[in-house]
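Asks: Pasting entry18.cif below, which is mmCIF, C-alpha atoms and all ligand atoms.
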data_start
#
loop_
_atom_site.label_atom_id
_atom_site.label_comp_id
_atom_site.auth_asym_id
_atom_site.auth_seq_id
_atom_site.Cartn_x
_atom_site.Cartn_y
_atom_site.Cartn_z
CA MET W 27 40.55 0.70 -21.66
CA PRO W 28 41.69 -2.49 -19.95
CA ASP W 29 39.95 -5.65 -21.06
CA ILE W 30 38.50 -7.88 -18.41
CA ILE W 31 37.67 -11.52 -18.70
CA ALA W 32 33.99 -11.99 -18.02
CA PRO W 33 32.91 -15.22 -16.36
CA THR W 34 30.38 -17.28 -18.31
CA LEU W 35 27.09 -16.49 -16.60
CA PRO W 36 23.91 -18.49 -17.13
CA ASN W 37 20.51 -16.89 -17.69
CA PRO W 38 19.12 -17.14 -14.14
CA VAL W 39 15.53 -17.11 -15.42
CA ASP W 40 16.09 -20.53 -17.07
CA TYR W 41 16.81 -22.05 -13.68
CA ALA W 42 13.82 -20.35 -12.07
CA VAL W 43 11.19 -21.69 -14.49
CA PRO W 44 10.60 -25.04 -12.70
CA GLY W 45 10.23 -23.08 -9.44
CA PHE W 46 7.69 -20.76 -11.11
CA ILE W 47 5.59 -23.73 -12.23
CA LEU W 48 5.72 -25.37 -8.78
CA LEU W 49 4.74 -22.16 -6.97
CA ILE W 50 1.82 -21.53 -9.35
CA LEU W 51 0.63 -25.06 -8.60
CA LEU W 52 0.83 -24.40 -4.85
CA GLU W 53 -1.04 -21.10 -5.22
CA MET W 54 -3.76 -22.89 -7.22
CA ILE W 55 -4.19 -25.34 -4.35
CA TRP W 56 -4.42 -22.41 -1.95
CA ALA W 57 -7.00 -20.74 -4.24
CA ARG W 58 -9.12 -23.90 -4.42
CA ARG W 59 -9.36 -23.97 -0.64
CA THR W 60 -9.91 -20.27 0.01
CA ALA W 61 -11.04 -18.39 -3.12
CA PRO W 62 -11.47 -20.38 -6.38
CA GLU W 63 -12.35 -17.17 -8.28
CA LYS W 64 -8.76 -15.96 -8.00
CA TYR W 65 -7.78 -18.20 -10.90
CA GLU W 66 -9.61 -18.69 -14.19
CA PRO W 67 -8.25 -21.41 -16.50
CA ASN W 68 -8.43 -19.38 -19.74
CA ASP W 69 -6.85 -16.38 -18.08
CA THR W 70 -4.08 -18.54 -16.68
CA LEU W 71 -3.43 -20.16 -20.04
CA SER W 72 -3.33 -16.76 -21.69
CA SER W 73 -0.83 -15.38 -19.15
CA LEU W 74 1.41 -18.44 -19.44
CA LEU W 75 1.40 -18.24 -23.25
CA PHE W 76 2.34 -14.58 -22.93
CA GLY W 77 5.33 -15.72 -20.90
CA PHE W 78 6.26 -18.40 -23.41
CA GLY W 79 5.97 -16.06 -26.38
CA SER W 80 8.00 -13.47 -24.53
CA THR W 81 10.94 -15.85 -24.17
CA VAL W 82 10.72 -16.69 -27.88
CA ALA W 83 10.67 -12.98 -28.78
CA GLY W 84 13.56 -12.42 -26.38
CA ALA W 85 15.60 -15.18 -28.02
CA LEU W 86 14.96 -13.65 -31.45
CA THR W 87 16.23 -10.22 -30.41
CA ALA W 88 19.00 -11.42 -28.07
CA GLY W 89 21.65 -11.13 -30.77
CA LEU W 90 20.76 -7.53 -31.57
CA LEU W 91 20.64 -6.60 -27.92
CA GLY W 92 23.97 -8.30 -27.23
CA THR W 93 25.63 -6.42 -30.10
CA LEU W 94 24.20 -3.12 -28.90
CA PHE W 95 25.35 -3.75 -25.31
CA ALA W 96 28.86 -4.78 -26.42
CA THR W 97 29.18 -1.75 -28.71
CA LEU W 98 28.16 0.72 -26.03
CA TYR W 99 30.43 -0.98 -23.50
CA GLN W 100 33.38 0.01 -25.67
CA PHE W 101 32.61 3.66 -24.90
CA ARG W 102 32.58 3.17 -21.10
CA ILE W 103 34.15 5.80 -18.87
CA THR W 104 35.78 3.26 -16.57
CA THR W 105 36.06 -0.51 -16.21
CA ILE W 106 34.29 -2.04 -13.27
CA PRO W 107 35.65 -5.47 -12.34
CA PHE W 108 33.66 -8.55 -11.34
CA ILE W 109 34.00 -8.10 -7.57
CA TRP W 110 31.39 -8.26 -4.81
CA TRP W 111 30.63 -4.55 -4.42
CA ALA W 112 30.25 -4.18 -8.18
CA TRP W 113 27.47 -6.79 -8.16
CA ILE W 114 25.62 -4.91 -5.44
CA ALA W 115 26.08 -1.52 -7.13
CA CYS W 116 24.99 -2.94 -10.48
CA PHE W 117 21.89 -4.56 -8.95
CA VAL W 118 20.81 -1.36 -7.19
CA LEU W 119 21.48 0.91 -10.19
CA ASP W 120 19.75 -1.55 -12.52
CA ASP W 121 16.72 -1.42 -10.22
CA LEU W 122 16.78 2.40 -10.41
CA ALA W 123 16.93 2.11 -14.20
CA TYR W 124 14.00 -0.32 -14.00
CA TYR W 125 11.97 2.24 -12.03
CA TRP W 126 12.41 4.86 -14.76
CA PHE W 127 11.79 2.35 -17.55
CA HIS W 128 8.61 1.26 -15.81
CA ARG W 129 7.41 4.81 -15.19
CA ALA W 130 8.01 5.69 -18.84
CA ALA W 131 6.24 2.46 -19.88
CA HIS W 132 3.08 3.73 -18.18
CA ARG W 133 3.31 7.33 -19.36
CA ILE W 134 4.44 7.05 -22.99
CA ARG W 135 2.03 5.23 -25.27
CA TRP W 136 4.75 3.78 -27.52
CA MET W 137 6.18 1.94 -24.51
CA TRP W 138 2.78 1.23 -22.98
CA ALA W 139 1.74 -0.63 -26.15
CA SER W 140 4.24 -3.27 -25.07
CA HIS W 141 3.93 -3.08 -21.27
CA VAL W 142 0.11 -3.20 -21.37
CA ASN W 143 0.53 -6.95 -21.92
CA HIS W 144 1.66 -7.37 -18.32
CA HIS W 145 -1.42 -5.54 -17.01
CA SER W 146 -4.24 -6.77 -19.22
CA SER W 147 -5.44 -9.59 -16.94
CA GLN W 148 -8.23 -8.87 -14.46
CA HIS W 149 -6.64 -11.45 -12.18
CA TYR W 150 -3.66 -11.05 -9.90
CA ASN W 151 -1.90 -14.29 -9.15
CA LEU W 152 1.51 -15.82 -9.77
CA SER W 153 0.60 -16.63 -13.37
CA THR W 154 0.13 -12.88 -13.93
CA ALA W 155 3.84 -12.42 -13.20
CA LEU W 156 4.69 -14.48 -16.29
CA ARG W 157 2.39 -12.36 -18.43
CA GLN W 158 5.29 -10.63 -20.20
CA THR W 159 5.41 -8.62 -23.38
CA TRP W 160 6.35 -9.90 -26.83
CA THR W 161 7.26 -6.47 -28.17
CA GLY W 162 9.64 -5.08 -25.56
CA PHE W 163 12.46 -4.64 -28.06
CA ILE W 164 10.33 -2.60 -30.49
CA ALA W 165 9.13 -0.48 -27.56
CA LEU W 166 12.82 0.29 -26.74
CA SER W 167 12.39 -1.06 -23.20
CA PHE W 168 16.16 -1.55 -22.92
CA ILE W 169 17.24 2.08 -23.28
CA PHE W 170 17.14 2.90 -19.58
CA ARG W 171 19.76 0.23 -18.93
CA LEU W 172 22.28 1.59 -21.43
CA PRO W 173 23.86 4.10 -19.00
CA LEU W 174 25.03 1.15 -16.86
CA LEU W 175 27.22 -0.01 -19.76
CA LEU W 176 28.59 3.48 -20.30
CA ILE W 177 29.48 3.70 -16.61
CA GLY W 178 31.48 0.51 -17.07
CA PHE W 179 29.44 -2.43 -15.83
CA HIS W 180 30.07 -5.45 -18.04
CA PRO W 181 27.13 -6.46 -20.31
CA ALA W 182 27.12 -9.96 -18.80
CA MET W 183 26.72 -8.49 -15.32
CA VAL W 184 23.96 -6.11 -16.44
CA LEU W 185 22.01 -8.95 -18.09
CA PHE W 186 22.49 -11.22 -15.07
CA VAL W 187 21.26 -8.73 -12.46
CA GLY W 188 18.34 -7.90 -14.78
CA GLY W 189 17.40 -11.58 -14.67
CA ILE W 190 17.57 -11.62 -10.87
CA ASN W 191 15.36 -8.52 -10.78
CA LEU W 192 12.76 -10.28 -12.95
CA ILE W 193 12.85 -13.37 -10.73
CA TYR W 194 12.35 -11.23 -7.62
CA GLN W 195 9.23 -9.74 -9.13
CA PHE W 196 7.62 -13.15 -9.60
CA TRP W 197 6.61 -13.86 -6.00
CA ILE W 198 5.02 -10.44 -5.37
CA HIS W 199 2.20 -11.22 -7.84
CA THR W 200 -0.07 -12.83 -5.27
CA GLU W 201 -3.06 -12.15 -3.05
CA ALA W 202 -2.05 -15.03 -0.78
CA ILE W 203 0.27 -12.73 1.18
CA GLY W 204 -1.25 -9.74 2.99
CA ARG W 205 1.21 -7.28 4.54
CA LEU W 206 4.76 -8.06 5.58
CA PRO W 207 6.56 -6.62 8.64
CA ARG W 208 6.85 -2.86 8.46
CA PHE W 209 10.60 -2.68 7.87
CA ILE W 210 10.20 -4.91 4.78
CA GLU W 211 7.25 -2.90 3.42
CA ALA W 212 9.31 0.26 3.93
CA VAL W 213 12.20 -0.80 1.71
CA MET W 214 11.16 -3.65 -0.56
CA ASN W 215 8.55 -3.99 -3.27
CA THR W 216 6.00 -6.40 -1.80
CA PRO W 217 2.76 -8.12 -2.83
CA SER W 218 0.82 -5.28 -1.20
CA HIS W 219 2.70 -2.50 -3.04
CA HIS W 220 2.57 -4.28 -6.39
CA ARG W 221 -1.15 -5.11 -6.09
CA VAL W 222 -1.65 -1.35 -6.02
CA HIS W 223 0.45 -1.02 -9.17
CA HIS W 224 -1.87 -3.45 -10.98
CA GLY W 225 -4.99 -1.65 -9.72
CA VAL W 226 -7.42 0.24 -11.96
CA ASN W 227 -9.08 2.03 -9.05
CA PRO W 228 -8.59 5.75 -9.79
CA ARG W 229 -6.38 6.33 -6.76
CA TYR W 230 -4.11 3.40 -7.64
CA LEU W 231 -3.52 4.25 -11.33
CA ASP W 232 0.09 5.03 -12.29
CA THR W 233 1.66 4.40 -8.89
CA ASN W 234 4.27 2.03 -7.38
CA TYR W 235 6.57 1.54 -10.37
CA ALA W 236 9.26 -0.21 -8.30
CA GLY W 237 10.96 -3.43 -9.33
CA VAL W 238 12.76 -4.64 -6.20
CA PHE W 239 13.13 -1.58 -3.94
CA ILE W 240 10.02 0.52 -3.20
CA ILE W 241 12.30 3.37 -2.06
CA TRP W 242 12.36 4.78 -5.61
CA ASP W 243 8.60 5.45 -5.51
CA ARG W 244 8.95 7.05 -2.10
CA MET W 245 11.84 9.22 -3.40
CA PHE W 246 10.21 10.28 -6.65
CA GLY W 247 6.66 10.81 -5.34
CA THR W 248 4.81 7.91 -6.96
CA PHE W 249 4.16 5.76 -3.89
CA THR W 250 0.60 4.86 -2.89
CA PRO W 251 -0.16 2.43 -0.05
CA GLU W 252 -2.79 -0.31 -0.34
CA LEU W 253 -5.89 0.70 1.61
CA ASP W 254 -8.03 -1.92 3.35
CA GLU W 255 -11.15 0.11 2.60
CA GLU W 256 -10.39 0.13 -1.12
CA PRO W 257 -9.86 -3.42 -2.43
CA VAL W 258 -7.83 -3.47 -5.62
CA ARG W 259 -9.60 -4.11 -8.93
CA TYR W 260 -7.08 -5.37 -11.46
CA GLY W 261 -6.44 -4.89 -15.15
CA ILE W 262 -6.43 -1.93 -17.52
CA VAL W 263 -8.69 1.10 -17.90
CA LYS W 264 -10.35 -0.43 -20.98
CA GLN W 265 -10.46 -4.12 -20.05
CA LEU W 266 -9.94 -6.75 -22.72
CA GLY W 267 -13.19 -8.24 -24.04
CA GLY W 268 -11.84 -11.78 -24.47
CA PHE W 269 -8.92 -14.18 -24.45
CA ASN W 270 -7.79 -14.03 -28.09
CA LEU W 271 -4.03 -14.28 -27.60
CA LEU W 272 -2.83 -12.36 -30.65
CA TRP W 273 -5.33 -9.57 -30.07
CA SER W 274 -4.26 -9.43 -26.41
CA VAL W 275 -0.62 -9.12 -27.46
CA PHE W 276 -1.00 -6.53 -30.21
CA HIS W 277 -4.22 -4.58 -29.48
CA GLU W 278 -2.52 -1.37 -28.37
CA TRP W 279 -0.17 -1.40 -31.38
CA VAL W 280 -3.23 -1.78 -33.61
CA GLY W 281 -4.84 1.09 -31.71
CA ILE W 282 -1.81 3.29 -32.32
CA GLY W 283 -1.94 2.47 -36.03
CA GLN W 284 -5.66 3.31 -36.27
CA ASP W 285 -5.24 6.56 -34.35
CA LEU W 286 -2.25 7.63 -36.44
CA TRP W 287 -4.26 7.01 -39.60
CA ARG W 288 -7.23 9.09 -38.43
CA ALA W 289 -5.46 11.83 -36.49
CA PRO W 290 -4.97 15.32 -37.90
CA TRP W 291 -1.35 16.01 -38.86
CA GLY W 292 -0.54 18.27 -35.95
CA SER W 293 -1.55 15.69 -33.36
CA LYS W 294 0.00 12.47 -34.68
CA LEU W 295 2.99 12.65 -32.33
CA GLY W 296 0.63 12.89 -29.36
CA TYR W 297 -0.90 9.53 -30.26
CA LEU W 298 2.58 8.00 -30.42
CA PHE W 299 4.35 9.51 -27.44
CA GLY W 300 1.63 11.11 -25.34
CA PRO W 301 0.24 9.29 -22.31
CA PRO W 302 -2.07 6.31 -22.94
CA GLY W 303 -5.59 7.56 -23.62
CA TRP W 304 -4.42 10.95 -24.89
CA THR W 305 -6.51 12.36 -27.74
CA HIS W 306 -6.39 15.70 -29.53
CA ASP W 307 -10.05 16.32 -28.64
CA ASP W 308 -10.04 14.90 -25.08
CA SER W 309 -12.53 12.25 -26.15
CA ARG W 310 -10.93 9.48 -24.05
CA ASP W 311 -9.86 9.14 -20.46
CA THR W 312 -6.23 9.21 -19.36
CA SER W 313 -5.19 8.17 -15.87
CA ASP W 314 -4.76 11.87 -15.06
CA SER W 315 -8.27 12.79 -16.20
CA ILE W 316 -9.71 9.85 -14.22
CA LYS W 317 -7.86 10.87 -11.09
CA ALA W 318 -8.87 14.51 -11.52
CA ARG W 319 -12.52 13.46 -11.76
CA LEU W 320 -12.72 10.74 -9.13
CA VAL W 321 -9.94 11.06 -6.55
CA ASP W 322 -10.51 13.64 -3.83
CA GLY W 323 -7.78 16.27 -3.61
CA HIS W 324 -5.79 14.72 -6.42
CA GLU W 325 -2.64 16.38 -7.63
CA ALA W 326 -1.21 14.88 -10.81
CA ALA W 327 1.97 12.92 -10.09
CA ASP W 328 3.74 13.80 -13.32
CA MET F 3 27.84 -41.35 -32.23
CA PRO F 4 27.83 -37.70 -33.42
CA LEU F 5 24.58 -36.19 -34.65
CA PRO F 6 24.04 -35.88 -38.40
CA PRO F 7 25.09 -32.38 -39.50
CA GLU F 8 21.52 -31.17 -40.16
CA LEU F 9 20.44 -32.05 -36.63
CA ALA F 10 23.57 -30.54 -35.12
CA LEU F 11 22.42 -27.17 -36.45
CA ILE F 12 19.46 -27.22 -34.07
CA ASP F 13 19.97 -25.86 -30.59
CA TRP F 14 18.63 -28.87 -28.71
CA THR F 15 18.98 -27.24 -25.30
CA LEU F 16 16.68 -24.48 -26.49
CA VAL F 17 14.23 -26.99 -27.96
CA GLY F 18 14.26 -28.86 -24.63
CA LYS F 19 13.61 -25.70 -22.65
CA MET F 20 10.77 -24.62 -24.94
CA GLY F 21 9.21 -28.09 -24.94
CA GLY F 22 9.46 -28.31 -21.16
CA SER F 23 7.80 -24.91 -20.78
CA LEU F 24 4.93 -25.87 -23.09
CA ILE F 25 4.36 -29.12 -21.19
CA GLY F 26 4.34 -27.15 -17.92
CA ILE F 27 1.83 -24.66 -19.36
CA GLY F 28 -0.47 -27.45 -20.57
CA LEU F 29 -0.34 -29.20 -17.20
CA LEU F 30 -1.15 -26.03 -15.24
CA TYR F 31 -4.10 -25.34 -17.55
CA ILE F 32 -5.48 -28.84 -17.05
CA VAL F 33 -4.95 -28.66 -13.28
CA ALA F 34 -6.81 -25.32 -13.13
CA TRP F 35 -9.77 -26.92 -14.95
CA LYS F 36 -9.77 -30.08 -12.86
CA MET F 37 -9.70 -28.06 -9.64
CA GLY F 38 -12.79 -26.18 -10.82
CA LEU F 39 -11.07 -22.80 -10.42
CA GLY F 40 -12.91 -19.76 -11.71
CA GLY F 41 -16.48 -20.44 -10.61
CA ASP F 42 -19.63 -19.14 -12.26
CA PRO F 43 -20.31 -15.58 -11.06
CA ARG F 44 -23.53 -13.81 -12.10
CA ILE F 45 -24.74 -10.24 -11.71
CA ALA F 46 -26.99 -10.60 -8.67
CA ASP F 47 -29.14 -7.48 -8.98
CA GLU F 48 -29.48 -4.01 -10.47
CA ALA F 49 -27.30 -2.47 -7.77
CA GLU F 50 -24.41 -4.73 -8.71
CA ALA F 51 -24.88 -3.91 -12.40
CA ARG F 52 -24.81 -0.18 -11.59
CA LEU F 53 -21.62 -0.58 -9.61
CA LEU F 54 -19.94 -2.61 -12.37
CA ALA F 55 -20.81 0.06 -14.95
CA TYR F 56 -19.77 2.88 -12.64
CA ASP F 57 -16.38 1.30 -11.96
CA GLY F 58 -15.83 0.03 -15.50
CA LEU F 59 -16.53 3.37 -17.17
CA TYR F 60 -15.21 5.59 -14.36
CA GLY F 61 -18.39 7.27 -13.30
CA PHE F 62 -21.24 5.98 -15.49
CA ASP F 63 -24.35 7.00 -13.55
CA ALA F 64 -27.14 4.65 -14.60
CA GLU F 65 -30.76 5.78 -14.39
CA ASP F 66 -32.26 2.64 -15.81
CA VAL F 67 -31.01 -0.98 -15.74
CA ALA F 68 -32.03 -4.14 -17.58
CA LEU F 69 -30.58 -7.37 -16.26
CA ASP F 70 -30.11 -10.44 -18.42
CA LYS F 71 -32.31 -13.25 -17.01
CA ALA F 72 -29.24 -15.41 -16.32
CA GLY F 73 -27.26 -12.52 -14.82
CA MET F 74 -24.56 -12.87 -17.46
CA SER F 75 -24.88 -9.30 -18.70
CA ALA F 76 -26.72 -6.03 -18.22
CA LEU F 77 -27.71 -3.00 -20.27
CA LEU F 78 -27.79 0.40 -18.60
CA ARG F 79 -28.85 3.91 -19.60
CA ASP F 80 -27.87 7.24 -18.07
CA ALA F 81 -29.66 10.62 -17.98
CA ALA F 82 -28.10 11.60 -21.32
CA SER F 83 -29.43 8.38 -22.95
CA ARG F 84 -25.94 6.95 -23.24
CA HIS F 85 -26.02 3.15 -23.01
CA ALA F 86 -23.52 0.88 -21.24
CA LEU F 87 -23.21 -2.86 -21.80
CA THR F 88 -21.77 -5.01 -19.02
CA PHE F 89 -20.90 -8.60 -19.89
CA ARG F 90 -18.87 -11.48 -18.52
CA VAL F 91 -15.39 -12.36 -19.78
CA GLY F 92 -14.06 -15.48 -18.07
CA ASN F 93 -15.19 -14.94 -14.48
CA ARG F 94 -14.90 -11.15 -14.50
CA PHE F 95 -17.15 -8.44 -15.93
CA VAL F 96 -16.34 -5.83 -18.56
CA THR F 97 -18.33 -2.71 -19.42
CA ARG F 98 -18.36 -0.81 -22.71
CA LEU F 99 -20.14 2.34 -23.74
CA VAL F 100 -22.42 1.33 -26.63
CA PRO F 101 -21.68 3.45 -29.73
CA ASN F 102 -24.64 4.80 -31.68
CA THR F 103 -23.40 2.88 -34.70
CA VAL F 104 -23.94 -0.43 -32.87
CA GLY F 105 -25.50 -3.42 -34.57
CA ALA F 106 -28.41 -4.61 -32.40
CA ARG F 107 -30.92 -7.34 -33.28
CA LEU F 108 -34.17 -8.11 -31.49
CA ASP F 109 -35.64 -11.62 -31.49
CA GLN F 110 -38.62 -11.89 -29.11
CA THR F 111 -37.00 -11.53 -25.68
CA LEU F 112 -33.43 -11.78 -26.93
CA LEU F 113 -31.42 -8.67 -27.74
CA THR F 114 -28.13 -9.28 -29.56
CA ILE F 115 -25.55 -6.51 -29.43
CA ASN F 116 -22.46 -6.65 -31.62
CA LEU F 117 -19.73 -4.24 -30.53
CA HIS F 118 -17.48 -5.35 -33.41
CA GLU F 119 -14.36 -5.87 -31.32
CA PRO F 120 -11.90 -8.45 -32.67
CA ASP F 121 -11.93 -10.67 -29.58
CA LEU F 122 -15.55 -10.21 -28.61
CA PRO F 123 -18.47 -12.26 -29.96
CA PRO F 124 -21.91 -10.58 -30.03
CA VAL F 125 -23.45 -10.31 -26.55
CA ILE F 126 -26.93 -11.87 -26.25
CA LEU F 127 -29.16 -10.56 -23.46
CA ASN F 128 -32.43 -12.18 -22.43
CA LEU F 129 -34.41 -9.16 -21.28
CA GLY F 130 -37.88 -10.74 -21.19
CA ASP F 131 -40.69 -8.30 -21.99
CA GLN F 132 -38.28 -5.36 -21.69
CA ALA F 133 -36.30 -6.35 -24.77
CA GLN F 134 -38.42 -4.32 -27.18
CA TYR F 135 -38.12 -1.19 -25.03
CA TRP F 136 -34.33 -1.41 -24.83
CA ALA F 137 -33.94 -2.23 -28.53
CA SER F 138 -35.74 0.99 -29.30
CA GLY F 139 -33.51 2.85 -26.82
CA LEU F 140 -30.42 1.64 -28.68
CA ARG F 141 -31.70 3.35 -31.82
CA HIS F 142 -31.73 6.68 -30.02
CA ILE F 143 -28.22 6.90 -28.59
CA PRO F 144 -26.92 10.47 -28.87
CA ASP F 145 -23.70 11.25 -30.74
CA ALA F 146 -20.60 10.81 -28.58
ZN ZN W 401 3.46 -1.72 -14.90
ZN ZN W 402 3.37 -6.85 -12.17
#
Using the file provided, produce a representation of the structure as structure tokens.
Replies:
Amino acid sequence: MPDIIAPTLPNPVDYAVPGFILLILLEMIWARRTAPEKYEPNDTLSSLLFGFGSTVAGALTAGLLGTLFATLYQFRITTIPFIWWAWIACFVLDDLAYYWFHRAAHRIRWMWASHVNHHSSQHYNLSTALRQTWTGFIALSFIFRLPLLLIGFHPAMVLFVGGINLIYQFWIHTEAIGRLPRFIEAVMNTPSHHRVHHGVNPRYLDTNYAGVFIIWDRMFGTFTPELDEEPVRYGIVKQLGGFNLLWSVFHEWVGIGQDLWRAPWGSKLGYLFGPPGWTHDDSRDTSDSIKARLVDGHEAAD
Amino acid sequence: MPLPPELALIDWTLVGKMGGSLIGIGLLYIVAWKMGLGGDPRIADEAEARLLAYDGLYGFDAEDVALDKAGMSALLRDAASRHALTFRVGNRFVTRLVPNTVGARLDQTLLTINLHEPDLPPVILNLGDQAQYWASGLRHIPDA
């Protein structure tokens, strides 16, 4: 396999952080004028500390992840150079990988225990975008990206486009933007589509998994449009009862531990890898059971 | 002058980035407070309490409602004598089904309900002369 010399690429998220802070400030000013209830100081602080802790956790596992990426890259089927079309292909395929990661993160409790962090605010504003998990590595959030390395995209390119994807997703966490022109809403993930993804209304649960391109949801049958007659209520099915940061970060992991301890032997795997809310005696709601009960004419998506 | 060897071990760029982020977080928090963001929402009436419980528990159909005098919380009961507690967290409301193992304490008009969740202090409802009636109801919650 030919070796290629990778350019030294920065982490794009580092450069975006000052922009994030500035845009949150501007959205707060907008909220003060139009709808002060859209921000709540303790909620904002909690979301921002989630973001901070997530970067610390990311730095701690970066070495392991880098080693894993480099090792797998050695087994690539071809070598894709650093040229313009490779960047585009890598970005699009990484976004497809993100779609499947994200769908799994909502349907497999082990992964949800980490991703729930991003959803556990009842608010939806730019600070919510920074509400990122601390336990993504443990939840194996990276596995959907590994095929890109085996195809032959360089680890540095894969990490870079992943950063751009994350930055794109920042600005869609807002209620300040209604709908965009139809051709944008048709192709791109937008504030409207992603509001639906954060919704706990029965019809909105487990839909719109897209990162950058909404086309994946349209292709794989998980797209749901935002309806004017059904304003989105945000958060998780069992909303958090407070702002305790460590509990907010780890509550679902604690829940898994408690359920594993109590569950009969034959059902332990279900509590680990079944959908969130799954129980051996159907004593809790899952998004499927909620939809079946409360959405007219529902057919389960998965 | 080069840094002493101990200090050279520290990744100062990383420290700078982390410090900058923490300062940014602190500033945004203070700005949110100073701007008075959040407000002070209350449960206006029984209909709103019913709706909050219905949405929060995906179909809780309340027959009877007791509203806290300040509108900070509400206690609801359905036809099967299940009880739901709706309370404020920040400027949003959360509803929980009250388990029949709940710790409830009555003090004149004040009913204190402890759901024993790690991030949730006991919820205190001022139910006026209805407090006694609802305290007794909490002792008769059916098994889940
Ligand atoms: Zn999600
Ligand atoms: Zn989001």
Asks: Can you list, as JSON, numbers by chain, every protein, DNA or RNA residue that comes within 12 Å of Phe168 (chain W) when you count all atoms listed in the file, leaving out same-chain residues fewer than 4 positions away?
Replies: {"W": [84, 87, 88, 90, 91, 92, 94, 95, 120, 123, 124, 126, 127, 128, 130, 131, 137, 161, 162, 163, 164, 172, 173, 174, 175, 184, 185, 188]}
Asks: Could you check the closest approach to chain F for each of W:Arg221, W:His149, W:His144, W:Arg244 and tell me which residue wins, using only C-alpha atoms?
Replies: W:His149
Asks: If you count only C-alpha atoms and all ligand atoms, which residues end up within 9 Å of ligand ZN 401 (chain W), as a PyMOL selection string?
Replies: chain W and resi 128-129+131-132+138+141-142+144-145+220+223-224+232-236
Asks: Go ahead and save the picked residues with C-alpha atoms, as a compact mmCIF listing (two decimals), in the frame of the given file.
Replies:
# COMPACT_ATOMS: atom_id res chain seq x y z
CA HIS W 128 8.61 1.26 -15.81
CA ARG W 129 7.41 4.81 -15.19
CA ALA W 131 6.24 2.46 -19.88
CA HIS W 132 3.08 3.73 -18.18
CA TRP W 138 2.78 1.23 -22.98
CA HIS W 141 3.93 -3.08 -21.27
CA VAL W 142 0.11 -3.20 -21.37
CA HIS W 144 1.66 -7.37 -18.32
CA HIS W 145 -1.42 -5.54 -17.01
CA HIS W 220 2.57 -4.28 -6.39
CA HIS W 223 0.45 -1.02 -9.17
CA HIS W 224 -1.87 -3.45 -10.98
CA ASP W 232 0.09 5.03 -12.29
CA THR W 233 1.66 4.40 -8.89
CA ASN W 234 4.27 2.03 -7.38
CA TYR W 235 6.57 1.54 -10.37
CA ALA W 236 9.26 -0.21 -8.30
Asks: Go ahead and find all residues with at least one atom no further than 8 Å from (-25.1, 7.0, -30.5) in the file's coordinates, using only C-alpha atoms; report them as a list in words.
Replies: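 Residues lying no farther than 8 Å from the given point: Arg84, Val100, Pro101, Asn102, Thr103, Val104, Leu140, Arg141, His142, Ile143, Pro144, Asp145 and Ala146 of chain F.
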Asks: Out of F:Ile32, F:Leu69, F:Val17, F:Ala10, which residue has the shortest atom-to-atom distance to Thr70 (chain W) when counting all atoms listed in the file?
Replies: F:Ile32
Asks: Within 12 Å of Trp56 (chain W), counting only C-alpha atoms, which residues show up once you throw out same-chain ones fewer than 4 positions away? Write them as number ranges by chain, please.
Replies: W: 49-52, 60-65, 151-152, 200-203; F: 34, 37, 39
Asks: W:Trp110, W:Tyr41, W:Tyr260, W:Trp304: which is nearest ligand ZN 402 (chain W), counting all atoms listed in the file?
Replies: W:Tyr260
Asks: Determine which residues of chain W sit within 9 Å of chain F, taking into account all atoms listed in the file, and present them as JSON, numbers by chain.
Replies: {"W": [40, 43, 44, 47, 50, 51, 54, 55, 57, 58, 61, 62, 63, 64, 65, 66, 67, 68, 69, 70, 71, 74, 75, 78, 81, 82, 148, 149, 227, 228, 263, 264, 265, 266, 267, 268, 269, 270, 271, 273, 274, 309, 311, 316, 319, 320]}
